[in-house]
Structure formats: structure tokens, C-alpha cells
Amino acid sequence: MVTQDPTTDRILAALAAVPGPDGRTPLPRSDALSEIVVHKGTVYFAIHVDAARAAQFEPLRLAAENAVRAIPGVAGVLVSLTGEKPAGGEPPAPGERQPGPRARAATTKAGVPGVRHIVAVASGKGGVGKSTTAANLALALARLGHRVGILDADIYGPSLPKLFALADSKPEVEEGRILKPLEAHGLRLMSIGFLVDQEAAMIWRGPMVMSALQQMLREVAWGDLDILVVDMPPGTGDAQLTMAQTVPLSGAVIVSTPQDLALIDARRGVTMFEQVAVPVLGIVENMSYFICPHCGERSDIFGHGGARAEAQRRGVPFLGEIALDMTIRATSDSGSPVVVSAPDGPHAQAYLAIARRIVDGLETAGRPAPRIVIER
Ligand SMILES: Nc1ncnc2c1ncn2[C@@H]1O[C@H](COP(=O)(O)OP(=O)(O)OP(=O)(O)O)[C@@H](O)[C@H]1O
């Protein structure tokens, strides 16, 4: 027998029996319901509520989930509460000003209990080696003795399952809807790639992506962590800006290659984090230079040093250089990044040096500004 996905109309009809956030208007008629996505029998949607009162709306989330679960043919339901209004929501009242990015950041960011620092690893454009860098830096931070987690926020192109050879692994549900992170090489890991089909995630739009991210951040039993590394989606568009605003980041690391074009994008990345008042911990130059495996001669294929100069220009720290080397690629492809597979080699040492600078940067960023006392 071939079962068909339940139709959106059938789901809306079921949800009509559930009062929305105001306690009266049926959910489909309130402006709180996101788009509904159905993929292989599983129904996904989000309910937009006041972020400051999110816990209060848990019964609403459960009621919506139960109503949809009762529809014949529904294999699973994933409903999330989000604090974000859907795009094109109510315009501000006359005379009312839209909050600027900083104000919005302040109203929507709540810390993640048990997690001391959240650090974004970002890049202005794709393919510069951001995920490889994030994974190796997380491993290097763990080698320095910190308790480290890594969250793959790249919903459209998750890399963690491959980087840690966990493509067939699924997280266990711990209690209620709290997920247990996977573990590898002493890190706790979560990725959308562990939870849903890549095809399903590809069709998600802004609010769905945000709700999935908030869930991976807040409905995962991260436990006590010193640092949670977030592998951000590449680019500096609206989705990245919203993430930078809503994730309570202690700081951001920008990955760039040395070419001019990549550096222009890296500059945009620095600007984006500065706009939302997230300290930029520094820039990493990846694929910085090449050492010939046969003759050992070094060549600066892309014109090495551009990121250092860019960091200087922007007044942000330069964190270090990582070589373009086949072992970095091959070890990542085989699920055992270079910091663990060649822990004494030069690449692992380079990542460790960068990790130390990140820790220093976090300490400085978290410290109150020094009080200057003028002695007479
Ligand atoms: N230093 C390096 N030396 C050699 N290969 C590298 C290096 N860094 C990354 N790579 C390789 O480059 C490719 C892209 O890397 P990665 O997936 O980390 O980039 P990304 O910036 O996260 O890309 P996207 O954001 O588009 O997913 C991978 O095949 C990776 O193994």
C-alpha cells in the first residue's frame, strides 16, 4: 500500500481546533503559524510566539503536535516555538520605530544553560574551509582541556556527519523532546544532518531554519560546556544576520582564503558581527600556502598574507594560518580530522595555536573594561 503525505488542508483543519497564542483565535487564523512542510509523512512547522514568554506556550506546542499526530498517515510531527515574527508580519504602527539590529539582539538572545561561551565560525563565502576549520578548532580546544561541543548550523549543507564519520548516526531522545548530542573524539555534536533528510531541509525557508537552529541550540542536552563552536552557514545574507542576532554569541571567528575576492567577503563578515555587537575574535587564513609534498618547497599560491593585512586594517586580531595540504582534506574526508589523526604534526600545532588565541580573546572579550585610575 502506498501511503500519501497528508495534505496541508487536512493539517490546517486539524489545527483549527487548537487556539493560537492569544488563547482564542484558531491557530491557522492567528498570524503565528509558519508555512507547513510535509516530507515523507513527517510534518514540520513553527509557531511564532513572544520570545520572552516562550516557556508559557509549551502547552500550545504540544496541543498542535497532538492534533496533527492524530491525522491518519502522519508518521511524525516536529513543531517548534520561535521568537521570530514571519517575514512580512505586521508593519510597525505609525510613529513606531522598528528596533535596530542591536536592540533586537538584546531582546531575543537568552543564554544556553550550562554553556559558558558560544563561538561562531563564519565565512563570507562558501568553500573556504570553514567547516574543516571549525571541526579542527573544536578538537584543538578540547585538547587544551576545555569541554567542547560543536553545532552544525549549516542547515542547507551540513558537514559534521561527514567530518566525524557519523552519517548513519541518529541522536537518542533523552526525555520529552530533549535530544542527546552525539559524541566523537571527546566532543559533543549536533547537526541537522543527524535529524532530517537533506532533501527535507533544502526546502525550508527562513522561519523553519531559525526554529530548527533554536531547537538544536536549546533542546539538546549539551550538559556543561566551556565552549560551543557553531559552524555557521556561509555568507552574510539575512539568514546569517538573523542567526548572529538570535544566538547568544560570545564571539566570532572569520575564516578566509588569501584571495582578494574571499577577503572582500571576509570584510563583510566582520561588519556583520560588528553590526550586531558580537566581538570578532579574529580572522584565520585557510589554504594560506602550499608545501610541495615532493620537494618540500613552499609556494604562496593564492598570495599568502592577505588575511593578516585585512585583520590589521579592520583592527581585529589575526589568529593564524593553515596550509593548503592534502592531509587536511583527506583526514576530514575520512572522518578523523587532522588534529586527532596527526596530533603531533604541524597542522595540529597550527590549529592549537589558533585555539589558544581564541581562548585568550574570549577572556578579554568577557572581561569588564579596565578602570583607569589617574594617580596624582
Ligand atoms: N587547509 C586545507 N587544505 C586542503 N583542503 C582543505 C583545507 N581546508 C578545507 N579543505 C577542503 O576544502 C573543501 C571545502 O572545505 P569545507 O567544507 O570545510 O568548506 P566550507 O567553507 O565549510 O564550505 P561550505 O560552507 O560551502 O560548506 C573540503 O573538501 C575540505 O576538505
# chains A, B, ... in the order shown; residues from 1 in each chain; ligands from 1
$ select_by_dssp --residues "range 103-306 of chain A" --states "alpha helix (DSSP H)" --output "ChimeraX atom specification"
/A:103-108,130-143,160-163,192-195,198-202,206-218,238-246,260-275,306
$ write_last_selection --atoms "C-alpha atoms" --output "PDB file, in the first residue's frame"
ATOM      1  CA  ALA A 103      18.023  46.231  20.086  1.00  0.00           C
ATOM      2  CA  ARG A 104      16.631  43.067  18.516  1.00  0.00           C
ATOM      3  CA  ALA A 105      19.722  41.122  19.528  1.00  0.00           C
ATOM      4  CA  ALA A 106      19.206  42.217  23.091  1.00  0.00           C
ATOM      5  CA  THR A 107      15.540  41.191  23.163  1.00  0.00           C
ATOM      6  CA  THR A 108      15.830  37.744  21.569  1.00  0.00           C
ATOM      7  CA  LYS A 130      35.001  26.994   7.311  1.00  0.00           C
ATOM      8  CA  SER A 131      33.650  23.590   8.423  1.00  0.00           C
ATOM      9  CA  THR A 132      37.088  21.949   8.305  1.00  0.00           C
ATOM     10  CA  THR A 133      38.432  24.817  10.396  1.00  0.00           C
ATOM     11  CA  ALA A 134      35.505  24.703  12.851  1.00  0.00           C
ATOM     12  CA  ALA A 135      35.949  20.950  13.407  1.00  0.00           C
ATOM     13  CA  ASN A 136      39.710  21.133  13.898  1.00  0.00           C
ATOM     14  CA  LEU A 137      39.440  24.161  16.189  1.00  0.00           C
ATOM     15  CA  ALA A 138      36.807  22.403  18.315  1.00  0.00           C
ATOM     16  CA  LEU A 139      39.151  19.410  18.625  1.00  0.00           C
ATOM     17  CA  ALA A 140      42.089  21.687  19.438  1.00  0.00           C
ATOM     18  CA  LEU A 141      40.050  23.475  22.139  1.00  0.00           C
ATOM     19  CA  ALA A 142      39.199  20.063  23.636  1.00  0.00           C
ATOM     20  CA  ARG A 143      42.895  19.122  23.588  1.00  0.00           C
ATOM     21  CA  LEU A 160      29.590  17.417  10.622  1.00  0.00           C
ATOM     22  CA  PRO A 161      28.162  13.979   9.729  1.00  0.00           C
ATOM     23  CA  LYS A 162      30.932  13.526   7.172  1.00  0.00           C
ATOM     24  CA  LEU A 163      33.730  15.241   9.094  1.00  0.00           C
ATOM     25  CA  ILE A 192      20.587  18.952  11.237  1.00  0.00           C
ATOM     26  CA  GLY A 193      22.184  16.209   9.128  1.00  0.00           C
ATOM     27  CA  PHE A 194      21.583  13.769  12.036  1.00  0.00           C
ATOM     28  CA  LEU A 195      17.902  14.689  12.288  1.00  0.00           C
ATOM     29  CA  GLN A 198      18.948  16.650   3.424  1.00  0.00           C
ATOM     30  CA  GLU A 199      16.146  16.897   0.846  1.00  0.00           C
ATOM     31  CA  ALA A 200      13.644  17.956   3.521  1.00  0.00           C
ATOM     32  CA  ALA A 201      15.885  20.689   4.886  1.00  0.00           C
ATOM     33  CA  MET A 202      16.599  22.086   1.421  1.00  0.00           C
ATOM     34  CA  GLY A 206      13.786  31.413   6.977  1.00  0.00           C
ATOM     35  CA  PRO A 207      11.444  30.773   9.937  1.00  0.00           C
ATOM     36  CA  MET A 208      11.795  26.982   9.671  1.00  0.00           C
ATOM     37  CA  VAL A 209      15.571  27.271   9.569  1.00  0.00           C
ATOM     38  CA  MET A 210      15.549  29.533  12.601  1.00  0.00           C
ATOM     39  CA  SER A 211      13.289  27.223  14.534  1.00  0.00           C
ATOM     40  CA  ALA A 212      15.451  24.183  13.713  1.00  0.00           C
ATOM     41  CA  LEU A 213      18.517  26.110  14.852  1.00  0.00           C
ATOM     42  CA  GLN A 214      16.905  27.223  18.103  1.00  0.00           C
ATOM     43  CA  GLN A 215      15.892  23.622  18.742  1.00  0.00           C
ATOM     44  CA  MET A 216      19.421  22.338  18.170  1.00  0.00           C
ATOM     45  CA  LEU A 217      20.699  25.032  20.492  1.00  0.00           C
ATOM     46  CA  ARG A 218      18.164  24.756  23.292  1.00  0.00           C
ATOM     47  CA  ASP A 238      19.669  37.773   6.014  1.00  0.00           C
ATOM     48  CA  ALA A 239      19.741  34.214   7.368  1.00  0.00           C
ATOM     49  CA  GLN A 240      23.264  34.659   8.735  1.00  0.00           C
ATOM     50  CA  LEU A 241      22.434  38.064  10.179  1.00  0.00           C
ATOM     51  CA  THR A 242      19.359  36.681  11.941  1.00  0.00           C
ATOM     52  CA  MET A 243      21.468  33.868  13.376  1.00  0.00           C
ATOM     53  CA  ALA A 244      24.140  36.259  14.558  1.00  0.00           C
ATOM     54  CA  GLN A 245      21.353  38.215  16.252  1.00  0.00           C
ATOM     55  CA  THR A 246      19.485  35.365  17.893  1.00  0.00           C
ATOM     56  CA  ASP A 260      41.140  39.337  -2.781  1.00  0.00           C
ATOM     57  CA  LEU A 261      37.618  38.152  -3.519  1.00  0.00           C
ATOM     58  CA  ALA A 262      37.435  35.993  -0.417  1.00  0.00           C
ATOM     59  CA  LEU A 263      38.825  38.886   1.610  1.00  0.00           C
ATOM     60  CA  ILE A 264      36.097  41.238   0.428  1.00  0.00           C
ATOM     61  CA  ASP A 265      33.587  38.682   1.708  1.00  0.00           C
ATOM     62  CA  ALA A 266      35.507  38.259   4.954  1.00  0.00           C
ATOM     63  CA  ARG A 267      35.303  42.041   5.436  1.00  0.00           C
ATOM     64  CA  ARG A 268      31.504  41.763   5.089  1.00  0.00           C
ATOM     65  CA  GLY A 269      31.575  39.042   7.743  1.00  0.00           C
ATOM     66  CA  VAL A 270      33.464  41.286  10.166  1.00  0.00           C
ATOM     67  CA  THR A 271      30.997  44.109   9.508  1.00  0.00           C
ATOM     68  CA  MET A 272      28.002  41.816  10.043  1.00  0.00           C
ATOM     69  CA  PHE A 273      29.164  40.724  13.516  1.00  0.00           C
ATOM     70  CA  GLU A 274      30.147  44.259  14.463  1.00  0.00           C
ATOM     71  CA  GLN A 275      26.638  45.440  13.494  1.00  0.00           C
ATOM     72  CA  GLY A 306      46.087  38.921   2.663  1.00  0.00           C
TER      73      GLY A 306
END
$ select_by_dssp --residues "range 116-278 of chain A" --states "strand (DSSP E)" --output "ChimeraX atom specification"
/A:116-122,148-152,173-175,178-179,182-184,187-191,225-231,251-256
$ write_last_selection --atoms "C-alpha atoms" --output "compact mmCIF listing (two decimals), in the first residue's frame"
# COMPACT_ATOMS: atom_id res chain seq x y z
CA ARG A 116 29.75 29.23 29.03
CA HIS A 117 30.75 30.55 25.62
CA ILE A 118 29.23 30.16 22.17
CA VAL A 119 31.67 30.93 19.36
CA ALA A 120 30.59 31.24 15.71
CA VAL A 121 32.93 30.10 12.97
CA ALA A 122 31.82 32.00 9.89
CA VAL A 148 33.64 21.46 23.89
CA GLY A 149 30.56 20.96 21.75
CA ILE A 150 30.05 21.69 18.07
CA LEU A 151 26.77 22.67 16.46
CA ASP A 152 26.41 22.49 12.70
CA VAL A 173 15.78 11.25 22.65
CA GLU A 174 16.66 11.75 26.29
CA GLU A 175 13.40 12.89 27.88
CA ILE A 178 15.37 16.74 24.51
CA LEU A 179 17.99 15.16 22.26
CA LEU A 182 26.36 12.51 19.58
CA GLU A 183 29.94 12.14 20.77
CA ALA A 184 33.19 11.81 18.84
CA LEU A 187 33.32 16.42 21.51
CA ARG A 188 29.52 16.64 21.79
CA LEU A 189 27.99 17.14 18.38
CA MET A 190 24.66 18.10 16.84
CA SER A 191 23.80 18.67 13.21
CA LEU A 225 30.33 23.07 28.17
CA ASP A 226 33.12 25.63 28.28
CA ILE A 227 32.78 26.37 24.58
CA LEU A 228 30.13 25.54 21.99
CA VAL A 229 31.52 26.07 18.47
CA VAL A 230 28.83 26.93 15.90
CA ASP A 231 29.65 26.16 12.28
CA GLY A 251 32.47 35.96 19.76
CA ALA A 252 33.03 35.11 16.10
CA VAL A 253 35.96 33.71 14.13
CA ILE A 254 36.07 34.54 10.43
CA VAL A 255 37.70 32.07 8.02
CA SER A 256 39.05 33.35 4.72
$ closest_residue --among "A:Val115, A:Val37, A:Val278, A:Val340" --to "Ala365 in chain A" --atoms "only C-alpha atoms"
A:Val278
$ residues_around --residues "Val43 in chain A" --least-positions-apart "6" --cutoff "12 Å" --atoms "only C-alpha atoms" --output "list in words"
Asp5, Pro6, Thr7, Thr8, Arg10, Ile11, Leu12, Glu35, Ile36, Val37, Ala64, Glu65, Asn66, Ala67, Val68, Arg69, Ala70, Ile71, Gly73, Val74, Ala75, Gly76, Val77, Leu78, Val79, Ser80, Val196, Ala200 and Met208 of chain A
$ closest_atom_pairs --of "chain A" --to "ligand 1" --cutoff "8 Å" --atoms "only C-alpha atoms and all ligand atoms" --output "Markdown table"
| residue | atom | partner | partner_atom_place_in_ligand_line | distance |
| --- | --- | --- | --- | --- |
| A:Ser123 | CA | ligand 1 | 21 (O) | 6.7 |
| A:Lys125 | CA | ligand 1 | 25 (O) | 7.0 |
| A:Gly126 | CA | ligand 1 | 26 (O) | 3.6 |
| A:Gly127 | CA | ligand 1 | 23 (O) | 3.5 |
| A:Val128 | CA | ligand 1 | 21 (O) | 3.9 |
| A:Gly129 | CA | ligand 1 | 19 (O) | 3.2 |
| A:Lys130 | CA | ligand 1 | 21 (O) | 3.8 |
| A:Ser131 | CA | ligand 1 | 22 (O) | 3.7 |
| A:Thr132 | CA | ligand 1 | 18 (O) | 3.7 |
| A:Thr133 | CA | ligand 1 | 18 (O) | 6.3 |
| A:Ala134 | CA | ligand 1 | 18 (O) | 7.9 |
| A:Asp154 | CA | ligand 1 | 27 (O) | 7.4 |
| A:Gly157 | CA | ligand 1 | 27 (O) | 5.7 |
| A:Pro158 | CA | ligand 1 | 27 (O) | 7.0 |
| A:Ser159 | CA | ligand 1 | 27 (O) | 6.5 |
| A:Asp231 | CA | ligand 1 | 22 (O) | 7.9 |
| A:Met232 | CA | ligand 1 | 25 (O) | 8.0 |
| A:Pro233 | CA | ligand 1 | 25 (O) | 6.0 |
| A:Pro234 | CA | ligand 1 | 25 (O) | 4.7 |
| A:Val255 | CA | ligand 1 | 21 (O) | 7.9 |
| A:Asn286 | CA | ligand 1 | 1 (N) | 5.3 |
| A:Met287 | CA | ligand 1 | 1 (N) | 4.4 |
| A:Ser288 | CA | ligand 1 | 1 (N) | 7.5 |
| A:Ile322 | CA | ligand 1 | 1 (N) | 5.5 |
| A:Ala323 | CA | ligand 1 | 1 (N) | 5.1 |
| A:Leu324 | CA | ligand 1 | 3 (N) | 3.6 |
| A:Asp325 | CA | ligand 1 | 3 (N) | 4.1 |
| A:Met326 | CA | ligand 1 | 4 (C) | 5.1 |
| A:Thr327 | CA | ligand 1 | 4 (C) | 7.0 |
| A:Ile328 | CA | ligand 1 | 3 (N) | 5.0 |
| A:Arg329 | CA | ligand 1 | 31 (O) | 3.5 |
| A:Ala330 | CA | ligand 1 | 31 (O) | 6.6 |
| A:Thr331 | CA | ligand 1 | 31 (O) | 7.9 |
| A:Ser332 | CA | ligand 1 | 31 (O) | 5.6 |
| A:Asp333 | CA | ligand 1 | 31 (O) | 6.2 |
$ write_last_selection --atoms "N, CA and C atoms" --output "short mmCIF file (atom, residue, chain, number, x, y, z; two decimals), in the first residue's frame"
data_model
loop_
_atom_site.label_atom_id
_atom_site.label_comp_id
_atom_site.auth_asym_id
_atom_site.auth_seq_id
_atom_site.Cartn_x
_atom_site.Cartn_y
_atom_site.Cartn_z
N SER A 123 32.16 32.41 7.54
CA SER A 123 32.95 32.85 6.39
C SER A 123 32.05 33.70 5.51
N LYS A 125 32.02 33.64 2.35
CA LYS A 125 31.51 32.86 1.20
C LYS A 125 31.80 31.38 1.41
N GLY A 126 31.16 30.54 0.61
CA GLY A 126 31.30 29.09 0.76
C GLY A 126 32.64 28.59 0.23
N GLY A 127 33.00 27.40 0.68
CA GLY A 127 34.14 26.70 0.10
C GLY A 127 35.51 27.15 0.57
N VAL A 128 35.58 28.02 1.58
CA VAL A 128 36.89 28.48 2.04
C VAL A 128 37.47 27.56 3.13
N GLY A 129 36.70 26.54 3.51
CA GLY A 129 37.19 25.59 4.52
C GLY A 129 36.70 25.92 5.92
N LYS A 130 35.56 26.60 6.00
CA LYS A 130 35.00 26.99 7.31
C LYS A 130 34.70 25.77 8.18
N SER A 131 34.04 24.75 7.60
CA SER A 131 33.65 23.59 8.42
C SER A 131 34.88 22.80 8.86
N THR A 132 35.84 22.65 7.96
CA THR A 132 37.09 21.95 8.31
C THR A 132 37.77 22.69 9.45
N THR A 133 37.79 24.01 9.36
CA THR A 133 38.43 24.82 10.40
C THR A 133 37.66 24.71 11.70
N ALA A 134 36.32 24.78 11.63
CA ALA A 134 35.51 24.70 12.85
C ALA A 134 35.75 23.37 13.56
N ASP A 154 24.76 24.88 9.57
CA ASP A 154 24.66 24.99 8.12
C ASP A 154 23.55 24.06 7.64
N GLY A 157 23.69 22.73 4.06
CA GLY A 157 24.85 21.91 3.66
C GLY A 157 25.62 21.42 4.87
N PRO A 158 24.96 20.58 5.71
CA PRO A 158 25.64 20.17 6.95
C PRO A 158 26.90 19.35 6.66
N SER A 159 27.97 19.63 7.39
CA SER A 159 29.26 18.96 7.14
C SER A 159 29.65 18.01 8.27
N ASP A 231 29.23 26.08 13.68
CA ASP A 231 29.65 26.16 12.28
C ASP A 231 28.51 26.85 11.53
N MET A 232 28.70 28.13 11.21
CA MET A 232 27.63 28.94 10.62
C MET A 232 27.46 28.61 9.13
N PRO A 233 26.28 28.88 8.57
CA PRO A 233 26.16 28.76 7.12
C PRO A 233 27.02 29.82 6.44
N PRO A 234 27.60 29.52 5.26
CA PRO A 234 28.47 30.52 4.64
C PRO A 234 27.68 31.74 4.18
N VAL A 255 36.73 32.85 8.82
CA VAL A 255 37.70 32.07 8.02
C VAL A 255 37.72 32.64 6.61
N ASN A 286 42.91 30.38 5.83
CA ASN A 286 42.97 28.96 5.47
C ASN A 286 43.50 28.83 4.04
N MET A 287 44.11 27.69 3.76
CA MET A 287 44.73 27.42 2.45
C MET A 287 45.71 28.56 2.16
N SER A 288 46.46 28.90 3.20
CA SER A 288 47.30 30.08 3.19
C SER A 288 48.52 29.91 2.29
N ILE A 322 46.62 28.43 8.13
CA ILE A 322 46.56 26.98 7.95
C ILE A 322 46.96 26.70 6.51
N ALA A 323 47.87 25.74 6.33
CA ALA A 323 48.38 25.43 4.99
C ALA A 323 47.31 24.75 4.14
N LEU A 324 47.48 24.87 2.83
CA LEU A 324 46.69 24.07 1.90
C LEU A 324 47.42 22.73 1.79
N ASP A 325 46.82 21.68 2.30
CA ASP A 325 47.55 20.42 2.34
C ASP A 325 46.58 19.26 2.17
N MET A 326 46.97 18.32 1.35
CA MET A 326 46.09 17.18 1.08
C MET A 326 45.76 16.37 2.33
N THR A 327 46.67 16.36 3.32
CA THR A 327 46.34 15.55 4.51
C THR A 327 45.17 16.19 5.27
N ILE A 328 45.07 17.53 5.22
CA ILE A 328 43.94 18.18 5.90
C ILE A 328 42.64 17.72 5.23
N ARG A 329 42.66 17.71 3.91
CA ARG A 329 41.45 17.29 3.19
C ARG A 329 41.17 15.80 3.41
N ALA A 330 42.20 14.97 3.24
CA ALA A 330 41.98 13.51 3.30
C ALA A 330 41.51 13.09 4.69
N THR A 331 42.09 13.68 5.75
CA THR A 331 41.70 13.27 7.10
C THR A 331 40.27 13.72 7.40
N SER A 332 39.87 14.89 6.88
CA SER A 332 38.49 15.34 7.07
C SER A 332 37.53 14.43 6.32
N ASP A 333 37.91 14.08 5.10
CA ASP A 333 37.04 13.21 4.31
C ASP A 333 36.85 11.85 4.97
#
$ decode --residues "range 253-353 of chain A" --atoms "C-alpha atoms" --output "compact mmCIF listing (two decimals), in the first residue's frame"
# COMPACT_ATOMS: atom_id res chain seq x y z
CA VAL A 253 35.96 33.71 14.13
CA ILE A 254 36.07 34.54 10.43
CA VAL A 255 37.70 32.07 8.02
CA SER A 256 39.05 33.35 4.72
CA THR A 257 41.40 32.27 2.00
CA PRO A 258 44.04 34.81 0.96
CA GLN A 259 42.50 35.83 -2.39
CA ASP A 260 41.14 39.34 -2.78
CA LEU A 261 37.62 38.15 -3.52
CA ALA A 262 37.43 35.99 -0.42
CA LEU A 263 38.82 38.89 1.61
CA ILE A 264 36.10 41.24 0.43
CA ASP A 265 33.59 38.68 1.71
CA ALA A 266 35.51 38.26 4.95
CA ARG A 267 35.30 42.04 5.44
CA ARG A 268 31.50 41.76 5.09
CA GLY A 269 31.57 39.04 7.74
CA VAL A 270 33.46 41.29 10.17
CA THR A 271 31.00 44.11 9.51
CA MET A 272 28.00 41.82 10.04
CA PHE A 273 29.16 40.72 13.52
CA GLU A 274 30.15 44.26 14.46
CA GLN A 275 26.64 45.44 13.49
CA VAL A 276 25.07 43.07 15.99
CA ALA A 277 27.65 43.82 18.69
CA VAL A 278 29.31 40.37 18.64
CA PRO A 279 33.09 40.66 19.29
CA VAL A 280 35.16 39.46 16.33
CA LEU A 281 37.81 37.23 17.92
CA GLY A 282 39.84 37.32 14.73
CA ILE A 283 40.47 36.08 11.20
CA VAL A 284 42.02 32.72 10.20
CA GLU A 285 43.74 32.43 6.83
CA ASN A 286 42.97 28.96 5.47
CA MET A 287 44.73 27.42 2.45
CA SER A 288 47.30 30.08 3.19
CA TYR A 289 50.31 28.48 1.49
CA PHE A 290 51.26 25.19 -0.09
CA ILE A 291 54.19 22.93 0.73
CA CYS A 292 55.11 20.63 -2.13
CA PRO A 293 54.90 17.05 -0.79
CA HIS A 294 57.77 16.01 -3.09
CA CYS A 295 60.37 18.74 -2.73
CA GLY A 296 59.13 20.42 0.49
CA GLU A 297 59.26 23.81 -1.20
CA ARG A 298 56.71 26.33 -0.04
CA SER A 299 54.65 28.36 -2.51
CA ASP A 300 52.09 31.05 -1.83
CA ILE A 301 49.58 30.01 -4.46
CA PHE A 302 46.87 32.49 -3.59
CA GLY A 303 49.19 35.29 -2.48
CA HIS A 304 49.59 34.49 1.21
CA GLY A 305 49.23 37.15 3.90
CA GLY A 306 46.09 38.92 2.66
CA ALA A 307 44.04 37.99 5.73
CA ARG A 308 46.70 39.28 8.12
CA ALA A 309 46.73 42.62 6.29
CA GLU A 310 42.91 42.71 6.27
CA ALA A 311 42.78 41.96 10.00
CA GLN A 312 45.22 44.80 10.64
CA ARG A 313 43.17 47.18 8.53
CA ARG A 314 39.99 46.30 10.45
CA GLY A 315 41.71 46.36 13.82
CA VAL A 316 40.77 42.74 14.62
CA PRO A 317 43.25 40.03 15.72
CA PHE A 318 44.91 37.82 13.13
CA LEU A 319 44.59 34.30 14.55
CA GLY A 320 46.91 32.31 12.29
CA GLU A 321 47.50 30.49 9.02
CA ILE A 322 46.56 26.98 7.95
CA ALA A 323 48.38 25.43 4.99
CA LEU A 324 46.69 24.07 1.90
CA ASP A 325 47.55 20.42 2.34
CA MET A 326 46.09 17.18 1.08
CA THR A 327 46.34 15.55 4.51
CA ILE A 328 43.94 18.18 5.90
CA ARG A 329 41.45 17.29 3.19
CA ALA A 330 41.98 13.51 3.30
CA THR A 331 41.70 13.27 7.10
CA SER A 332 38.49 15.34 7.07
CA ASP A 333 37.04 13.21 4.31
CA SER A 334 37.78 10.06 6.29
CA GLY A 335 36.03 11.32 9.43
CA SER A 336 39.11 11.85 11.55
CA PRO A 337 40.24 15.48 11.26
CA VAL A 338 43.95 16.22 11.31
CA VAL A 339 44.07 17.45 14.94
CA VAL A 340 43.20 13.90 16.09
CA SER A 341 44.69 11.83 13.27
CA ALA A 342 48.09 13.58 13.25
CA PRO A 343 48.13 15.21 16.70
CA ASP A 344 51.85 15.98 16.68
CA GLY A 345 52.07 17.23 13.11
CA PRO A 346 52.49 20.85 12.02
CA HIS A 347 48.82 21.31 11.09
CA ALA A 348 47.58 20.19 14.51
CA GLN A 349 50.08 22.61 16.07
CA ALA A 350 48.76 25.45 13.90
CA TYR A 351 45.16 24.74 14.96
CA LEU A 352 46.23 24.53 18.61
CA ALA A 353 47.95 27.93 18.41
